[in-house]
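These notes concern the structure reproduced below.
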Amino acid sequence: MHGVPPCRVYICDDSPEYRMLLRMVLSDAGAVVVGEGTDGRECIAGAAATDPSVVLLDLNMPGLSGLETLPKLREAVPGVKIVVLTTSKAPESEQAAMAAGADAYVSKPIDATSVPRLVRDQLAA
């Protein structure tokens, strides 16, 4: 990813279209998408099994929400960078996500072409 060693990304979002879009932009930028999940439980198990450097996590998912997933994910994969990508515009959602262990919080819709830069910034932080 332009000056960054190959980056391993795990995508967790309940929208198959959004996961596909993220996978395409990240792959085009040189990242390796190591797995995908549709809810918090899949995300925790998948990230623990694949050891990504970055997890892109939606907050609003069926079952275990992103907010409930964050502390468990942080425990399962301690060194991972967690970027929350969500449709929630509420300031309290951002505060809750950051308090629960997110490294960054980005509101959707996001220009998909900016996602590789967002991932690079997290790896550099």
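Labels used: A, B, ... for chains in the order of the structure tokens, numbers from 1 for residues in each chain, and numbers from 1 for ligands as shown.
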
| Near Leu56 of chain A, counting only C-alpha atoms, which residues have an atom at most 10 Å away, once you skip same-chain residues fewer than 2 positions from it, shown as a list of chain:residue names? |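 My list of contacting residues is A:Val9, A:Tyr10, A:Ile11, A:Cys12, A:Asp13, A:Arg19, A:Leu22, A:Glu36, A:Cys43, A:Val54, A:Asp58, A:Lys81, A:Ile82, A:Val83, A:Val84, A:Leu85, A:Thr86, A:Ala102, A:Ala104, A:Tyr105, A:Val115, A:Val119.
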
Considering only helix (DSSP H, G or I) as DSSP defines it on the backbone, what residues of chain A qualify? List them as a PDB file with N, CA, C and O atoms, in the first residue's frame.
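Output below, filename out33.pdb:
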```pdb
ATOM      1  N   PRO A  16     -23.187  -7.290   2.253  1.00  0.00           N
ATOM      2  CA  PRO A  16     -22.277  -7.965   1.319  1.00  0.00           C
ATOM      3  C   PRO A  16     -21.740  -7.012   0.247  1.00  0.00           C
ATOM      4  O   PRO A  16     -20.586  -7.099  -0.150  1.00  0.00           O
ATOM      5  N   GLU A  17     -22.580  -6.058  -0.178  1.00  0.00           N
ATOM      6  CA  GLU A  17     -22.143  -5.094  -1.200  1.00  0.00           C
ATOM      7  C   GLU A  17     -21.030  -4.193  -0.660  1.00  0.00           C
ATOM      8  O   GLU A  17     -20.061  -3.909  -1.353  1.00  0.00           O
ATOM      9  N   TYR A  18     -21.179  -3.747   0.572  1.00  0.00           N
ATOM     10  CA  TYR A  18     -20.174  -2.870   1.162  1.00  0.00           C
ATOM     11  C   TYR A  18     -18.860  -3.634   1.388  1.00  0.00           C
ATOM     12  O   TYR A  18     -17.784  -3.109   1.140  1.00  0.00           O
ATOM     13  N   ARG A  19     -18.957  -4.890   1.835  1.00  0.00           N
ATOM     14  CA  ARG A  19     -17.750  -5.703   2.014  1.00  0.00           C
ATOM     15  C   ARG A  19     -17.038  -5.892   0.678  1.00  0.00           C
ATOM     16  O   ARG A  19     -15.817  -5.788   0.603  1.00  0.00           O
ATOM     17  N   MET A  20     -17.808  -6.148  -0.379  1.00  0.00           N
ATOM     18  CA  MET A  20     -17.211  -6.338  -1.698  1.00  0.00           C
ATOM     19  C   MET A  20     -16.505  -5.054  -2.164  1.00  0.00           C
ATOM     20  O   MET A  20     -15.384  -5.106  -2.666  1.00  0.00           O
ATOM     21  N   LEU A  21     -17.139  -3.913  -1.971  1.00  0.00           N
ATOM     22  CA  LEU A  21     -16.540  -2.631  -2.350  1.00  0.00           C
ATOM     23  C   LEU A  21     -15.233  -2.403  -1.588  1.00  0.00           C
ATOM     24  O   LEU A  21     -14.198  -2.071  -2.184  1.00  0.00           O
ATOM     25  N   LEU A  22     -15.255  -2.617  -0.278  1.00  0.00           N
ATOM     26  CA  LEU A  22     -14.035  -2.437   0.525  1.00  0.00           C
ATOM     27  C   LEU A  22     -12.941  -3.411   0.086  1.00  0.00           C
ATOM     28  O   LEU A  22     -11.773  -3.036  -0.033  1.00  0.00           O
ATOM     29  N   ARG A  23     -13.327  -4.665  -0.146  1.00  0.00           N
ATOM     30  CA  ARG A  23     -12.354  -5.676  -0.585  1.00  0.00           C
ATOM     31  C   ARG A  23     -11.685  -5.251  -1.897  1.00  0.00           C
ATOM     32  O   ARG A  23     -10.472  -5.346  -2.043  1.00  0.00           O
ATOM     33  N   MET A  24     -12.481  -4.744  -2.838  1.00  0.00           N
ATOM     34  CA  MET A  24     -11.930  -4.333  -4.139  1.00  0.00           C
ATOM     35  C   MET A  24     -10.952  -3.162  -3.994  1.00  0.00           C
ATOM     36  O   MET A  24      -9.851  -3.218  -4.518  1.00  0.00           O
ATOM     37  N   VAL A  25     -11.361  -2.109  -3.240  1.00  0.00           N
ATOM     38  CA  VAL A  25     -10.473  -0.942  -3.126  1.00  0.00           C
ATOM     39  C   VAL A  25      -9.199  -1.290  -2.360  1.00  0.00           C
ATOM     40  O   VAL A  25      -8.124  -0.837  -2.732  1.00  0.00           O
ATOM     41  N   LEU A  26      -9.334  -2.085  -1.320  1.00  0.00           N
ATOM     42  CA  LEU A  26      -8.152  -2.449  -0.534  1.00  0.00           C
ATOM     43  C   LEU A  26      -7.213  -3.347  -1.342  1.00  0.00           C
ATOM     44  O   LEU A  26      -6.001  -3.154  -1.318  1.00  0.00           O
ATOM     45  N   SER A  27      -7.771  -4.320  -2.045  1.00  0.00           N
ATOM     46  CA  SER A  27      -6.935  -5.200  -2.872  1.00  0.00           C
ATOM     47  C   SER A  27      -6.215  -4.414  -3.954  1.00  0.00           C
ATOM     48  O   SER A  27      -5.025  -4.630  -4.201  1.00  0.00           O
ATOM     49  N   ASP A  28      -6.916  -3.492  -4.590  1.00  0.00           N
ATOM     50  CA  ASP A  28      -6.297  -2.640  -5.622  1.00  0.00           C
ATOM     51  C   ASP A  28      -5.143  -1.817  -5.054  1.00  0.00           C
ATOM     52  O   ASP A  28      -4.198  -1.492  -5.759  1.00  0.00           O
ATOM     53  N   GLY A  40     -20.634  -9.586  14.904  1.00  0.00           N
ATOM     54  CA  GLY A  40     -19.553  -9.506  15.876  1.00  0.00           C
ATOM     55  C   GLY A  40     -18.897 -10.833  16.199  1.00  0.00           C
ATOM     56  O   GLY A  40     -17.675 -10.925  16.312  1.00  0.00           O
ATOM     57  N   ARG A  41     -19.694 -11.876  16.327  1.00  0.00           N
ATOM     58  CA  ARG A  41     -19.124 -13.190  16.668  1.00  0.00           C
ATOM     59  C   ARG A  41     -18.184 -13.683  15.567  1.00  0.00           C
ATOM     60  O   ARG A  41     -17.096 -14.166  15.835  1.00  0.00           O
ATOM     61  N   GLU A  42     -18.629 -13.545  14.309  1.00  0.00           N
ATOM     62  CA  GLU A  42     -17.759 -13.942  13.186  1.00  0.00           C
ATOM     63  C   GLU A  42     -16.496 -13.090  13.169  1.00  0.00           C
ATOM     64  O   GLU A  42     -15.416 -13.585  12.872  1.00  0.00           O
ATOM     65  N   CYS A  43     -16.645 -11.815  13.472  1.00  0.00           N
ATOM     66  CA  CYS A  43     -15.507 -10.901  13.448  1.00  0.00           C
ATOM     67  C   CYS A  43     -14.450 -11.309  14.479  1.00  0.00           C
ATOM     68  O   CYS A  43     -13.265 -11.381  14.165  1.00  0.00           O
ATOM     69  N   ILE A  44     -14.885 -11.574  15.687  1.00  0.00           N
ATOM     70  CA  ILE A  44     -13.942 -11.937  16.752  1.00  0.00           C
ATOM     71  C   ILE A  44     -13.224 -13.242  16.400  1.00  0.00           C
ATOM     72  O   ILE A  44     -11.991 -13.321  16.454  1.00  0.00           O
ATOM     73  N   ALA A  45     -13.984 -14.260  16.014  1.00  0.00           N
ATOM     74  CA  ALA A  45     -13.384 -15.551  15.670  1.00  0.00           C
ATOM     75  C   ALA A  45     -12.488 -15.423  14.445  1.00  0.00           C
ATOM     76  O   ALA A  45     -11.369 -15.943  14.418  1.00  0.00           O
ATOM     77  N   GLY A  46     -12.966 -14.726  13.423  1.00  0.00           N
ATOM     78  CA  GLY A  46     -12.199 -14.580  12.187  1.00  0.00           C
ATOM     79  C   GLY A  46     -10.923 -13.787  12.373  1.00  0.00           C
ATOM     80  O   GLY A  46      -9.864 -14.155  11.861  1.00  0.00           O
ATOM     81  N   ALA A  47     -11.008 -12.698  13.119  1.00  0.00           N
ATOM     82  CA  ALA A  47      -9.816 -11.878  13.348  1.00  0.00           C
ATOM     83  C   ALA A  47      -8.800 -12.633  14.210  1.00  0.00           C
ATOM     84  O   ALA A  47      -7.599 -12.579  13.954  1.00  0.00           O
ATOM     85  N   ALA A  48      -9.289 -13.359  15.211  1.00  0.00           N
ATOM     86  CA  ALA A  48      -8.377 -14.140  16.057  1.00  0.00           C
ATOM     87  C   ALA A  48      -7.654 -15.201  15.235  1.00  0.00           C
ATOM     88  O   ALA A  48      -6.476 -15.486  15.452  1.00  0.00           O
ATOM     89  N   ALA A  49      -8.347 -15.776  14.249  1.00  0.00           N
ATOM     90  CA  ALA A  49      -7.759 -16.845  13.427  1.00  0.00           C
ATOM     91  C   ALA A  49      -6.817 -16.310  12.347  1.00  0.00           C
ATOM     92  O   ALA A  49      -5.903 -17.017  11.924  1.00  0.00           O
ATOM     93  N   THR A  50      -7.013 -15.073  11.903  1.00  0.00           N
ATOM     94  CA  THR A  50      -6.239 -14.566  10.761  1.00  0.00           C
ATOM     95  C   THR A  50      -5.201 -13.509  11.138  1.00  0.00           C
ATOM     96  O   THR A  50      -4.387 -13.137  10.312  1.00  0.00           O
ATOM     97  N   GLY A  66     -21.351  -3.865  16.855  1.00  0.00           N
ATOM     98  CA  GLY A  66     -19.964  -3.423  16.826  1.00  0.00           C
ATOM     99  C   GLY A  66     -19.483  -2.929  18.180  1.00  0.00           C
ATOM    100  O   GLY A  66     -18.351  -3.187  18.582  1.00  0.00           O
ATOM    101  N   LEU A  67     -20.349  -2.214  18.903  1.00  0.00           N
ATOM    102  CA  LEU A  67     -19.965  -1.711  20.233  1.00  0.00           C
ATOM    103  C   LEU A  67     -19.696  -2.868  21.188  1.00  0.00           C
ATOM    104  O   LEU A  67     -18.758  -2.812  21.984  1.00  0.00           O
ATOM    105  N   GLU A  68     -20.522  -3.912  21.121  1.00  0.00           N
ATOM    106  CA  GLU A  68     -20.310  -5.083  21.973  1.00  0.00           C
ATOM    107  C   GLU A  68     -19.078  -5.868  21.522  1.00  0.00           C
ATOM    108  O   GLU A  68     -18.402  -6.509  22.329  1.00  0.00           O
ATOM    109  N   THR A  69     -18.785  -5.808  20.238  1.00  0.00           N
ATOM    110  CA  THR A  69     -17.654  -6.540  19.668  1.00  0.00           C
ATOM    111  C   THR A  69     -16.313  -5.917  20.036  1.00  0.00           C
ATOM    112  O   THR A  69     -15.331  -6.635  20.263  1.00  0.00           O
ATOM    113  N   LEU A  70     -16.263  -4.592  20.079  1.00  0.00           N
ATOM    114  CA  LEU A  70     -14.981  -3.886  20.276  1.00  0.00           C
ATOM    115  C   LEU A  70     -14.124  -4.408  21.429  1.00  0.00           C
ATOM    116  O   LEU A  70     -12.968  -4.787  21.207  1.00  0.00           O
ATOM    117  N   PRO A  71     -14.624  -4.442  22.670  1.00  0.00           N
ATOM    118  CA  PRO A  71     -13.743  -4.904  23.762  1.00  0.00           C
ATOM    119  C   PRO A  71     -13.325  -6.370  23.613  1.00  0.00           C
ATOM    120  O   PRO A  71     -12.185  -6.730  23.922  1.00  0.00           O
ATOM    121  N   LYS A  72     -14.229  -7.210  23.100  1.00  0.00           N
ATOM    122  CA  LYS A  72     -13.904  -8.628  22.905  1.00  0.00           C
ATOM    123  C   LYS A  72     -12.854  -8.799  21.802  1.00  0.00           C
ATOM    124  O   LYS A  72     -11.957  -9.630  21.892  1.00  0.00           O
ATOM    125  N   LEU A  73     -12.971  -7.982  20.758  1.00  0.00           N
ATOM    126  CA  LEU A  73     -12.009  -8.011  19.658  1.00  0.00           C
ATOM    127  C   LEU A  73     -10.641  -7.533  20.146  1.00  0.00           C
ATOM    128  O   LEU A  73      -9.610  -8.112  19.827  1.00  0.00           O
ATOM    129  N   ARG A  74     -10.639  -6.489  20.947  1.00  0.00           N
ATOM    130  CA  ARG A  74      -9.391  -5.941  21.504  1.00  0.00           C
ATOM    131  C   ARG A  74      -8.704  -7.000  22.360  1.00  0.00           C
ATOM    132  O   ARG A  74      -7.488  -7.130  22.363  1.00  0.00           O
ATOM    133  N   GLU A  75      -9.501  -7.798  23.079  1.00  0.00           N
ATOM    134  CA  GLU A  75      -8.950  -8.864  23.923  1.00  0.00           C
ATOM    135  C   GLU A  75      -8.427 -10.026  23.069  1.00  0.00           C
ATOM    136  O   GLU A  75      -7.364 -10.584  23.344  1.00  0.00           O
ATOM    137  N   ALA A  76      -9.161 -10.378  22.012  1.00  0.00           N
ATOM    138  CA  ALA A  76      -8.796 -11.519  21.166  1.00  0.00           C
ATOM    139  C   ALA A  76      -7.578 -11.229  20.294  1.00  0.00           C
ATOM    140  O   ALA A  76      -6.785 -12.129  20.021  1.00  0.00           O
ATOM    141  N   PRO A  91     -22.958  11.835  17.960  1.00  0.00           N
ATOM    142  CA  PRO A  91     -21.679  12.025  18.663  1.00  0.00           C
ATOM    143  C   PRO A  91     -21.467  11.010  19.786  1.00  0.00           C
ATOM    144  O   PRO A  91     -20.354  10.571  20.034  1.00  0.00           O
ATOM    145  N   GLU A  92     -22.552  10.602  20.436  1.00  0.00           N
ATOM    146  CA  GLU A  92     -22.402   9.630  21.531  1.00  0.00           C
ATOM    147  C   GLU A  92     -21.955   8.263  21.016  1.00  0.00           C
ATOM    148  O   GLU A  92     -21.293   7.517  21.729  1.00  0.00           O
ATOM    149  N   SER A  93     -22.291   7.936  19.760  1.00  0.00           N
ATOM    150  CA  SER A  93     -21.817   6.676  19.173  1.00  0.00           C
ATOM    151  C   SER A  93     -20.305   6.702  19.014  1.00  0.00           C
ATOM    152  O   SER A  93     -19.618   5.729  19.297  1.00  0.00           O
ATOM    153  N   GLU A  94     -19.787   7.827  18.542  1.00  0.00           N
ATOM    154  CA  GLU A  94     -18.338   7.953  18.385  1.00  0.00           C
ATOM    155  C   GLU A  94     -17.641   7.869  19.735  1.00  0.00           C
ATOM    156  O   GLU A  94     -16.655   7.148  19.898  1.00  0.00           O
ATOM    157  N   GLN A  95     -18.172   8.580  20.723  1.00  0.00           N
ATOM    158  CA  GLN A  95     -17.562   8.551  22.062  1.00  0.00           C
ATOM    159  C   GLN A  95     -17.591   7.134  22.632  1.00  0.00           C
ATOM    160  O   GLN A  95     -16.598   6.666  23.197  1.00  0.00           O
ATOM    161  N   ALA A  96     -18.718   6.443  22.473  1.00  0.00           N
ATOM    162  CA  ALA A  96     -18.837   5.077  22.997  1.00  0.00           C
ATOM    163  C   ALA A  96     -17.870   4.137  22.279  1.00  0.00           C
ATOM    164  O   ALA A  96     -17.234   3.292  22.912  1.00  0.00           O
ATOM    165  N   ALA A  97     -17.742   4.286  20.947  1.00  0.00           N
ATOM    166  CA  ALA A  97     -16.842   3.417  20.174  1.00  0.00           C
ATOM    167  C   ALA A  97     -15.387   3.643  20.581  1.00  0.00           C
ATOM    168  O   ALA A  97     -14.632   2.688  20.768  1.00  0.00           O
ATOM    169  N   MET A  98     -15.002   4.895  20.736  1.00  0.00           N
ATOM    170  CA  MET A  98     -13.618   5.192  21.124  1.00  0.00           C
ATOM    171  C   MET A  98     -13.348   4.674  22.547  1.00  0.00           C
ATOM    172  O   MET A  98     -12.292   4.102  22.808  1.00  0.00           O
ATOM    173  N   ALA A  99     -14.313   4.845  23.429  1.00  0.00           N
ATOM    174  CA  ALA A  99     -14.158   4.361  24.807  1.00  0.00           C
ATOM    175  C   ALA A  99     -14.076   2.829  24.852  1.00  0.00           C
ATOM    176  O   ALA A  99     -13.411   2.264  25.723  1.00  0.00           O
ATOM    177  N   ALA A 112     -15.023   5.409  -0.964  1.00  0.00           N
ATOM    178  CA  ALA A 112     -14.287   4.141  -0.847  1.00  0.00           C
ATOM    179  C   ALA A 112     -12.819   4.286  -1.218  1.00  0.00           C
ATOM    180  O   ALA A 112     -11.971   3.595  -0.663  1.00  0.00           O
ATOM    181  N   THR A 113     -12.496   5.197  -2.117  1.00  0.00           N
ATOM    182  CA  THR A 113     -11.097   5.349  -2.522  1.00  0.00           C
ATOM    183  C   THR A 113     -10.238   5.926  -1.402  1.00  0.00           C
ATOM    184  O   THR A 113      -9.018   5.853  -1.463  1.00  0.00           O
ATOM    185  N   SER A 114     -10.867   6.492  -0.366  1.00  0.00           N
ATOM    186  CA  SER A 114     -10.081   7.029   0.748  1.00  0.00           C
ATOM    187  C   SER A 114      -9.792   5.975   1.819  1.00  0.00           C
ATOM    188  O   SER A 114      -9.013   6.217   2.739  1.00  0.00           O
ATOM    189  N   VAL A 115     -10.393   4.792   1.709  1.00  0.00           N
ATOM    190  CA  VAL A 115     -10.195   3.742   2.715  1.00  0.00           C
ATOM    191  C   VAL A 115      -8.742   3.267   2.792  1.00  0.00           C
ATOM    192  O   VAL A 115      -8.205   3.124   3.894  1.00  0.00           O
ATOM    193  N   PRO A 116      -8.038   3.041   1.671  1.00  0.00           N
ATOM    194  CA  PRO A 116      -6.629   2.639   1.799  1.00  0.00           C
ATOM    195  C   PRO A 116      -5.784   3.666   2.556  1.00  0.00           C
ATOM    196  O   PRO A 116      -4.944   3.292   3.378  1.00  0.00           O
ATOM    197  N   ARG A 117      -6.033   4.949   2.321  1.00  0.00           N
ATOM    198  CA  ARG A 117      -5.292   5.990   3.045  1.00  0.00           C
ATOM    199  C   ARG A 117      -5.611   5.931   4.538  1.00  0.00           C
ATOM    200  O   ARG A 117      -4.739   6.044   5.393  1.00  0.00           O
ATOM    201  N   LEU A 118      -6.888   5.710   4.857  1.00  0.00           N
ATOM    202  CA  LEU A 118      -7.317   5.582   6.248  1.00  0.00           C
ATOM    203  C   LEU A 118      -6.587   4.420   6.925  1.00  0.00           C
ATOM    204  O   LEU A 118      -6.097   4.540   8.055  1.00  0.00           O
ATOM    205  N   VAL A 119      -6.495   3.299   6.232  1.00  0.00           N
ATOM    206  CA  VAL A 119      -5.788   2.120   6.766  1.00  0.00           C
ATOM    207  C   VAL A 119      -4.304   2.438   6.947  1.00  0.00           C
ATOM    208  O   VAL A 119      -3.714   2.142   7.991  1.00  0.00           O
ATOM    209  N   ARG A 120      -3.694   3.057   5.941  1.00  0.00           N
ATOM    210  CA  ARG A 120      -2.269   3.442   6.044  1.00  0.00           C
ATOM    211  C   ARG A 120      -2.026   4.354   7.243  1.00  0.00           C
ATOM    212  O   ARG A 120      -1.060   4.185   7.990  1.00  0.00           O
ATOM    213  N   ASP A 121      -2.914   5.337   7.432  1.00  0.00           N
ATOM    214  CA  ASP A 121      -2.778   6.270   8.560  1.00  0.00           C
ATOM    215  C   ASP A 121      -2.823   5.527   9.886  1.00  0.00           C
ATOM    216  O   ASP A 121      -2.072   5.850  10.811  1.00  0.00           O
ATOM    217  N   GLN A 122      -3.691   4.527   9.987  1.00  0.00           N
ATOM    218  CA  GLN A 122      -3.783   3.755  11.227  1.00  0.00           C
ATOM    219  C   GLN A 122      -2.519   2.939  11.472  1.00  0.00           C
ATOM    220  O   GLN A 122      -2.054   2.827  12.592  1.00  0.00           O
ATOM    221  N   LEU A 123      -1.953   2.381  10.403  1.00  0.00           N
ATOM    222  CA  LEU A 123      -0.727   1.603  10.564  1.00  0.00           C
ATOM    223  C   LEU A 123       0.448   2.481  10.979  1.00  0.00           C
ATOM    224  O   LEU A 123       1.334   2.046  11.701  1.00  0.00           O
ATOM    225  N   ALA A 124       0.409   3.723  10.537  1.00  0.00           N
ATOM    226  CA  ALA A 124       1.503   4.649  10.870  1.00  0.00           C
ATOM    227  C   ALA A 124       1.357   5.233  12.267  1.00  0.00           C
ATOM    228  O   ALA A 124       2.325   5.729  12.835  1.00  0.00           O
TER     229      ALA A 124
END
```

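All residues of segment 5-101 of chain A that DSSP, run on the backbone, classes as strand (DSSP E) are Arg8, Val9, Tyr10, Ile11, Cys12, Val32, Val33, Val34, Gly35, Glu36, Gly37, Val54, Val55, Leu56, Leu57, Lys81, Ile82, Val83, Val84, Leu85 and Thr86 of chain A.
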
Residue subset to file, keeping N, CA and C atoms, as an mmCIF file, in the first residue's frame:
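Wrote it out as again.cif, contents follow:
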```
data_model
loop_
_atom_site.group_PDB
_atom_site.id
_atom_site.type_symbol
_atom_site.label_atom_id
_atom_site.label_comp_id
_atom_site.auth_asym_id
_atom_site.auth_seq_id
_atom_site.Cartn_x
_atom_site.Cartn_y
_atom_site.Cartn_z
ATOM 1 N N ARG A 8 -2.632 -6.502 6.353
ATOM 2 C CA ARG A 8 -3.644 -7.557 6.450
ATOM 3 C C ARG A 8 -4.898 -6.952 7.076
ATOM 4 N N VAL A 9 -6.007 -7.000 6.321
ATOM 5 C CA VAL A 9 -7.246 -6.358 6.764
ATOM 6 C C VAL A 9 -8.359 -7.387 6.903
ATOM 7 N N TYR A 10 -9.122 -7.277 7.990
ATOM 8 C CA TYR A 10 -10.323 -8.081 8.196
ATOM 9 C C TYR A 10 -11.502 -7.115 8.138
ATOM 10 N N ILE A 11 -12.524 -7.449 7.338
ATOM 11 C CA ILE A 11 -13.686 -6.585 7.146
ATOM 12 C C ILE A 11 -14.895 -7.197 7.845
ATOM 13 N N CYS A 12 -15.550 -6.423 8.699
ATOM 14 C CA CYS A 12 -16.750 -6.910 9.368
ATOM 15 C C CYS A 12 -17.893 -5.927 9.141
ATOM 16 N N VAL A 32 -4.016 -7.020 1.786
ATOM 17 C CA VAL A 32 -4.501 -8.392 1.721
ATOM 18 C C VAL A 32 -5.709 -8.490 2.650
ATOM 19 N N VAL A 33 -6.868 -8.780 2.080
ATOM 20 C CA VAL A 33 -8.063 -8.972 2.896
ATOM 21 C C VAL A 33 -8.031 -10.422 3.370
ATOM 22 N N VAL A 34 -7.789 -10.596 4.680
ATOM 23 C CA VAL A 34 -7.591 -11.939 5.226
ATOM 24 C C VAL A 34 -8.889 -12.622 5.629
ATOM 25 N N GLY A 35 -9.989 -11.844 5.677
ATOM 26 C CA GLY A 35 -11.262 -12.450 6.026
ATOM 27 C C GLY A 35 -12.358 -11.422 6.125
ATOM 28 N N GLU A 36 -13.588 -11.943 6.236
ATOM 29 C CA GLU A 36 -14.767 -11.095 6.337
ATOM 30 C C GLU A 36 -15.752 -11.722 7.297
ATOM 31 N N GLY A 37 -16.480 -10.871 8.001
ATOM 32 C CA GLY A 37 -17.527 -11.343 8.887
ATOM 33 C C GLY A 37 -18.770 -10.497 8.720
ATOM 34 N N VAL A 54 -5.315 -4.612 10.684
ATOM 35 C CA VAL A 54 -6.416 -3.653 10.787
ATOM 36 C C VAL A 54 -7.744 -4.389 10.628
ATOM 37 N N VAL A 55 -8.722 -4.007 11.461
ATOM 38 C CA VAL A 55 -10.096 -4.494 11.310
ATOM 39 C C VAL A 55 -10.978 -3.299 10.988
ATOM 40 N N LEU A 56 -11.770 -3.415 9.926
ATOM 41 C CA LEU A 56 -12.785 -2.417 9.593
ATOM 42 C C LEU A 56 -14.098 -2.970 10.139
ATOM 43 N N LEU A 57 -14.704 -2.250 11.073
ATOM 44 C CA LEU A 57 -15.835 -2.773 11.839
ATOM 45 C C LEU A 57 -17.047 -1.858 11.747
ATOM 46 N N LYS A 81 -5.360 -2.716 14.924
ATOM 47 C CA LYS A 81 -5.956 -1.386 14.810
ATOM 48 C C LYS A 81 -7.404 -1.598 14.393
ATOM 49 N N ILE A 82 -8.330 -0.936 15.076
ATOM 50 C CA ILE A 82 -9.757 -1.102 14.783
ATOM 51 C C ILE A 82 -10.329 0.219 14.297
ATOM 52 N N VAL A 83 -10.824 0.187 13.055
ATOM 53 C CA VAL A 83 -11.451 1.364 12.454
ATOM 54 C C VAL A 83 -12.940 1.093 12.343
ATOM 55 N N VAL A 84 -13.739 1.915 13.015
ATOM 56 C CA VAL A 84 -15.186 1.791 12.952
ATOM 57 C C VAL A 84 -15.682 2.593 11.751
ATOM 58 N N LEU A 85 -16.417 1.926 10.868
ATOM 59 C CA LEU A 85 -17.061 2.572 9.718
ATOM 60 C C LEU A 85 -18.557 2.385 9.925
ATOM 61 N N THR A 86 -19.290 3.468 10.137
ATOM 62 C CA THR A 86 -20.700 3.317 10.492
ATOM 63 C C THR A 86 -21.581 4.416 9.918
#
```

| message | My list of candidates is A:Pro109, A:Thr87, A:Asp103, A:Pro78. Which is closest to Asp51 of chain A when distances are computed with only C-alpha atoms? | response |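 For Asp51 of chain A, the nearest of the candidates is A:Pro78.
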
| said: Which residue is closest to Ser65 of chain A? Choose from A:Gly79, A:Lys108, A:Thr38, A:Ala31 and count only C-alpha atoms. | reply: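 Selected residue with least distance to Ser65 of chain A: A:Thr38.
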